[in-house]
>>> print(open('input13.txt').read())   # compact mmCIF, C-alpha atoms
# COMPACT_ATOMS: atom_id res chain seq x y z
CA MET A 248 42.61 21.69 -16.66
CA ASN A 249 45.46 21.64 -14.11
CA VAL A 250 47.07 18.50 -12.68
CA PHE A 251 45.25 18.72 -9.35
CA THR A 252 41.81 18.95 -11.02
CA GLY A 253 42.66 16.04 -13.29
CA LYS A 254 43.68 13.88 -10.32
CA LEU A 255 40.55 14.89 -8.42
CA LEU A 256 38.26 13.96 -11.30
CA GLY A 257 40.18 10.72 -11.73
CA SER A 258 39.62 9.87 -8.07
CA PHE A 259 35.90 10.55 -8.41
CA ALA A 260 35.77 8.33 -11.48
CA GLN A 261 37.33 5.49 -9.50
CA LEU A 262 34.81 5.95 -6.70
CA LYS A 263 31.78 6.14 -9.00
CA PRO A 264 31.05 2.36 -8.96
CA PHE A 265 30.84 2.55 -5.15
CA LEU A 266 28.73 5.71 -4.93
CA THR A 267 25.27 4.24 -5.50
CA PRO A 268 25.84 1.18 -3.25
CA SER A 269 27.11 3.48 -0.50
CA ILE A 270 24.04 5.72 -0.73
CA ILE A 271 21.71 2.71 -0.69
CA LEU A 272 23.46 1.18 2.32
CA SER A 273 23.38 4.47 4.24
CA PHE A 274 19.68 5.01 3.57
CA GLU A 275 18.81 1.45 4.51
CA LEU A 276 20.69 1.84 7.79
CA LEU A 277 18.64 4.95 8.53
CA LYS A 278 15.46 2.93 8.00
CA ALA A 279 16.74 0.12 10.22
CA LEU A 280 17.50 2.62 12.96
CA GLN A 281 13.88 3.76 12.95
CA ALA A 282 12.50 0.23 12.68
CA PHE A 283 14.31 -1.14 15.71
CA ASN A 284 14.95 1.90 17.90
CA PRO A 285 11.93 2.89 20.07
CA SER A 286 13.15 6.49 20.35
CA TYR A 287 12.54 6.98 16.61
CA LEU A 288 8.90 5.94 16.52
CA GLY A 289 7.49 9.36 15.78
CA ASN A 290 5.83 11.95 17.99
CA ALA A 291 2.99 11.01 20.29
CA ASP A 292 0.43 13.05 18.37
CA TYR A 293 1.19 11.33 15.05
CA SER A 294 1.38 7.89 16.66
CA GLY A 295 -1.93 8.47 18.44
CA TRP A 296 -3.62 9.45 15.19
CA LEU A 297 -2.24 6.62 13.06
CA ILE A 298 -2.54 3.76 15.54
CA GLY A 299 -5.84 5.12 16.81
CA SER A 300 -7.18 5.20 13.26
CA LEU A 301 -6.37 1.52 12.87
CA GLN A 302 -7.98 0.63 16.20
CA HIS A 303 -11.30 2.26 15.31
CA ALA A 304 -13.82 1.61 12.60
CA PRO A 305 -12.92 3.25 9.27
CA TRP A 306 -14.00 6.85 8.75
CA THR A 307 -15.16 7.44 12.33
CA TYR A 308 -14.37 10.16 14.85
CA TRP A 309 -13.16 9.56 18.37
CA PHE A 310 -11.97 11.64 21.29
CA THR A 311 -8.80 11.42 23.33
CA SER A 312 -6.90 13.75 25.60
CA ILE A 313 -3.38 14.68 26.53
CA THR A 314 -2.03 16.18 29.74
CA ILE A 315 -0.09 19.44 29.49
CA CYS A 316 1.99 20.63 32.45
CA ASN A 317 4.36 23.48 33.22
CA LEU A 318 8.05 22.82 33.78
CA GLU A 319 7.58 22.38 37.54
CA LEU A 320 4.70 19.91 36.96
CA SER A 321 2.69 21.98 39.42
CA ASN A 322 -0.01 23.04 37.00
CA CYS A 323 -1.41 20.35 34.69
CA HIS A 324 -4.58 20.23 32.66
CA HIS A 325 -6.17 17.92 30.11
CA VAL A 326 -6.68 18.94 26.50
CA ALA A 327 -9.32 17.09 24.49
CA ILE A 328 -8.44 16.15 20.92
CA THR A 329 -10.79 14.99 18.20
CA TYR A 330 -9.37 12.57 15.67
CA LEU A 331 -10.79 11.33 12.40
CA ALA A 332 -9.90 7.77 11.51
CA SER A 333 -7.73 8.09 8.42
CA PRO A 334 -9.52 9.38 5.30
CA TYR A 335 -8.27 6.62 3.01
CA SER A 336 -9.85 3.73 1.14
CA ILE A 337 -10.96 0.52 2.81
CA ILE A 338 -8.03 -1.23 1.09
CA TRP A 339 -5.70 1.05 3.05
CA TYR A 340 -7.32 -0.15 6.26
CA TRP A 341 -7.08 -3.81 5.20
CA PHE A 342 -3.35 -3.39 4.61
CA TYR A 343 -2.35 -1.36 7.68
CA THR A 344 -4.62 -2.73 10.40
CA PRO A 345 -2.85 -6.13 10.80
CA LEU A 346 0.55 -4.40 10.81
CA ALA A 347 -0.43 -2.05 13.65
CA GLN A 348 -1.55 -4.70 16.13
CA TRP A 349 1.72 -4.25 18.08
CA GLY A 350 1.79 -0.46 17.98
CA MET A 351 4.18 1.82 16.09
CA GLY A 352 7.14 -0.48 16.70
CA GLY A 353 5.37 -3.40 15.06
CA LEU A 354 4.15 -1.19 12.23
CA PHE A 355 7.61 0.17 11.42
CA THR A 356 9.18 -3.29 11.64
CA SER A 357 6.57 -4.76 9.30
CA LEU A 358 6.97 -1.91 6.80
CA PHE A 359 10.75 -2.31 6.98
CA ILE A 360 10.49 -6.01 6.06
CA ILE A 361 8.09 -5.32 3.19
CA ASP A 362 10.34 -2.51 1.97
CA LYS A 363 13.26 -4.94 1.75
CA ALA A 364 11.15 -7.28 -0.40
CA VAL A 365 10.18 -4.42 -2.73
CA LEU A 366 13.80 -3.26 -2.84
CA GLY A 367 14.85 -6.75 -3.92
CA LEU A 368 12.31 -6.75 -6.75
CA VAL A 369 13.42 -3.32 -7.95
CA PHE A 370 17.07 -4.39 -7.80
CA LYS A 371 16.33 -7.51 -9.84
CA TYR A 372 13.94 -6.15 -12.46
CA ALA A 373 14.42 -2.36 -12.66
CA ARG A 374 17.84 -1.20 -11.55
CA GLN A 375 17.39 2.02 -13.51
CA ILE A 376 14.99 3.27 -10.81
CA LEU A 377 16.87 1.74 -7.89
CA LEU A 378 18.30 5.01 -6.59
CA PRO A 379 15.01 6.97 -6.95
CA TYR A 380 13.27 4.13 -5.13
CA VAL A 381 15.74 4.12 -2.24
CA ILE A 382 15.52 7.90 -1.84
CA GLY A 383 11.72 7.94 -2.11
CA SER A 384 11.22 5.01 0.23
CA LEU A 385 13.41 6.68 2.87
CA PHE A 386 11.22 9.79 2.86
CA PHE A 387 7.98 7.84 2.95
CA TYR A 388 9.23 5.44 5.61
CA LYS A 389 10.53 8.13 7.95
CA LEU A 390 8.11 11.00 7.29
CA TRP A 391 4.91 9.55 5.80
CA PRO A 392 4.66 5.84 6.69
CA HIS A 393 0.89 6.08 6.30
CA ASP A 394 1.46 6.75 2.58
CA ILE A 395 4.21 4.22 1.85
CA LEU A 396 1.62 1.75 0.52
CA ILE A 397 0.66 4.36 -2.09
CA PHE A 398 4.34 4.81 -2.90
CA TRP A 399 4.77 1.06 -3.48
CA LEU A 400 1.76 1.02 -5.78
CA LEU A 401 3.28 3.91 -7.73
CA ILE A 402 6.51 1.94 -8.09
CA ALA A 403 4.46 -1.00 -9.38
CA ALA A 404 2.93 1.39 -11.94
CA TYR A 405 6.31 1.61 -13.66
CA PHE A 406 5.81 -2.01 -14.67
CA TRP A 407 2.03 -2.38 -14.89
CA TRP A 408 -0.03 0.61 -16.00
CA PRO A 409 -3.28 -0.24 -14.11
CA MET A 410 -1.45 0.75 -10.93
CA LEU A 411 -1.59 4.32 -12.20
CA ILE A 412 -5.29 4.11 -11.49
CA ALA A 413 -5.11 1.85 -8.44
CA ALA A 414 -2.73 4.08 -6.45
CA PRO A 415 -5.03 7.16 -6.36
CA LEU A 416 -8.04 4.93 -5.65
CA VAL A 417 -6.32 3.45 -2.60
CA LYS A 418 -5.40 6.94 -1.45
CA LEU A 419 -8.95 8.32 -1.73
CA PRO A 420 -11.72 7.30 0.70
CA LEU A 421 -14.12 6.04 -1.95
CA GLY A 422 -17.36 4.90 -0.35
CA ALA A 423 -16.81 7.02 2.75
CA PRO A 424 -19.67 9.11 4.15
CA LEU A 425 -20.03 12.77 3.22
CA SER A 426 -18.55 13.88 6.57
CA VAL A 427 -15.18 12.40 5.60
CA TRP A 428 -15.08 14.37 2.35
CA GLN A 429 -16.11 17.50 4.25
CA TYR A 430 -13.17 16.89 6.58
CA ILE A 431 -10.79 16.56 3.63
CA PHE A 432 -11.91 19.80 1.97
CA ASN A 433 -12.58 21.88 5.09
CA SER A 434 -10.23 20.77 7.85
CA PRO A 435 -6.97 22.72 8.29
CA LEU A 436 -5.30 19.36 9.00
CA SER A 437 -6.05 17.83 5.59
CA ILE A 438 -5.45 19.30 2.13
CA HIS A 439 -5.22 22.81 3.60
CA ASP A 440 -2.19 21.85 5.69
CA PRO A 441 0.97 22.98 3.81
CA GLN A 442 2.95 20.13 5.39
CA ASN A 443 0.82 17.60 3.53
CA TRP A 444 1.63 19.05 0.14
CA LEU A 445 5.21 17.82 0.27
CA SER A 446 3.98 14.21 0.36
CA TYR A 447 1.28 14.97 -2.25
CA GLY A 448 3.91 16.48 -4.52
CA THR A 449 6.26 13.52 -4.08
CA MET A 450 3.51 11.05 -4.92
CA GLY A 451 2.55 13.15 -7.92
CA LEU A 452 6.16 13.17 -9.11
CA PHE A 453 6.38 9.37 -9.04
CA TRP A 454 2.92 9.09 -10.65
CA PHE A 455 3.93 11.29 -13.59
CA GLY A 456 7.22 9.42 -13.88
CA ALA A 457 5.37 6.13 -14.16
CA LEU A 458 2.97 7.66 -16.68
CA ILE A 459 5.85 8.81 -18.89
CA VAL A 460 7.47 5.36 -18.74
CA ASN A 461 4.22 3.69 -19.76
CA ILE A 462 3.58 6.16 -22.60
CA ARG A 463 7.05 5.45 -24.01
CA ARG A 464 6.40 1.72 -23.71
CA TRP A 465 3.07 2.03 -25.56
CA ARG A 466 4.71 4.03 -28.37
CA LYS A 467 7.33 1.33 -28.86
CA ALA A 468 4.74 -1.46 -28.90
>>> encode(input="input13.txt", output="structure tokens")
Amino acid sequence: MNVFTGKLLGSFAQLKPFLTPSIILSFELLKALQAFNPSYLGNADYSGWLIGSLQHAPWTYWFTSITICNLELSNCHHVAITYLASPYSIIWYWFYTPLAQWGMGGLFTSLFIIDKAVLGLVFKYARQILLPYVIGSLFFYKLWPHDILIFWLLIAAYFWWPMLIAAPLVKLPLGAPLSVWQYIFNSPLSIHDPQNWLSYGTMGLFWFGALIVNIRRWRKA
């Protein structure tokens, strides 16, 4: 090892205590930017689906439309869109509906505040998963806010094993009519949409992580 490499590694060693706090602070600032900046409130199609789902009865369909125009705004026409109110459990609706009363801005702000409370609990009781939590919560908050409740339940499963069961049950629309399950298995916008599998895979990763932690705890008991 030459002198330069030794000095470089020594510098990294000195910075190591500041690395995790810096990452956490940066990620939390990214969340704050989305929570309090209206330009980061998601695209209109996603906002219309999520907020619309929470303004309609669970597991129902409704129609809306958008106006599409050319660049000169000389030729515009309406396009009808059919939405299905979110195919989740009734508990999901109980949690999200009050938070969405003030639109996407109110929803993101509420989730941001709750996230800070969960972050505080993780920091106090489980610092070993602090960095995975911060990284995971950033993805769910910015990309899949409709699934961040499931993510929080999966984090709780690291401490209390029944949450391993509760998290999937909150995700699934148990008690929903057959048409909802047909939508899930047949619609190109549900489990057949490749974009959804990134969030499914992330939730599965945290679920298996919590399962392994609980198995190790049971073996030591």
>>> closest_residue(input="input13.txt", among="A:Ile462, A:Leu301, A:Leu425, A:Ala279", to="Trp341 in chain A", atoms="all atoms listed in the file")
A:Leu301
>>> residues_around(input="input13.txt", residues="Ile459 in chain A", least_positions_apart="3", cutoff="12 Å", atoms="only C-alpha atoms", output="ChimeraX atom specification")
/A:404-406,408,411,452-456,462-466
>>> write_last_selection(input="input13.txt", atoms="C-alpha atoms", output="tab-separated table (two decimals), in the frame of the given file")
chain	number	residue	atom	x	y	z
A	404	ALA	CA	2.93	1.39	-11.94
A	405	TYR	CA	6.31	1.61	-13.66
A	406	PHE	CA	5.81	-2.01	-14.67
A	408	TRP	CA	-0.03	0.61	-16.00
A	411	LEU	CA	-1.59	4.32	-12.20
A	452	LEU	CA	6.16	13.17	-9.11
A	453	PHE	CA	6.38	9.37	-9.04
A	454	TRP	CA	2.92	9.09	-10.65
A	455	PHE	CA	3.93	11.29	-13.59
A	456	GLY	CA	7.22	9.42	-13.88
A	462	ILE	CA	3.58	6.16	-22.60
A	463	ARG	CA	7.05	5.45	-24.01
A	464	ARG	CA	6.40	1.72	-23.71
A	465	TRP	CA	3.07	2.03	-25.56
A	466	ARG	CA	4.71	4.03	-28.37
>>> residues_around(input="input13.txt", residues="Tyr447 in chain A", least_positions_apart="3", cutoff="12 Å", atoms="only C-alpha atoms", output="list in words")
Phe387, Trp391, Asp394, Ile395, Ile397, Phe398, Pro415, Lys418, Ser437, Ile438, His439, Asp440, Pro441, Gln442, Asn443, Trp444, Met450, Gly451, Leu452, Phe453 and Trp454 of chain A
>>> atom_distance(input="input13.txt", atom1="CA of Tyr430 in chain A", atom2="CA of Leu385 in chain A")
28.7 Å
>>> residues_near_point(input="input13.txt", point="(8.5, 2.0, -8.5)", cutoff="10 Å", atoms="all atoms listed in the file", output="list in words")
Val365, Leu366, Leu368, Val369, Ala373, Ile376, Leu377, Pro379, Tyr380, Val381, Gly383, Ser384, Phe398, Trp399, Leu400, Leu401, Ile402, Ala403, Ala404, Tyr405, Phe406, Phe453, Trp454, Gly456 and Ala457 of chain A
>>> atom_distance(input="input13.txt", atom1="CA of Gly295 in chain A", atom2="CA of His393 in chain A")
12.7 Å
>>> closest_residue(input="input13.txt", among="A:Gly367, A:Pro420, A:Gly350, A:Pro409", to="Trp306 in chain A", atoms="all atoms listed in the file")
A:Pro420
>>> atom_distance(input="input13.txt", atom1="CA of Ile298 in chain A", atom2="CA of Ala347 in chain A")
6.5 Å
>>> closest_residue(input="input13.txt", among="A:Leu436, A:Leu458, A:Leu346, A:Ala304", to="Ile361 in chain A", atoms="only C-alpha atoms")
A:Leu346
>>> closest_residue(input="input13.txt", among="A:Leu297, A:Leu419, A:Leu378, A:Leu390", to="Leu331 in chain A", atoms="all atoms listed in the file")
A:Leu297
>>> axis_aligned_box(input="input13.txt", around="range 382-395 of chain A", padding_each_side="6 Å", output="lines of an AutoDock Vina configuration file")
center_x = 8.2
center_y = 7.6
center_z = 2.9
size_x = 26.6
size_y = 18.8
size_z = 22.1
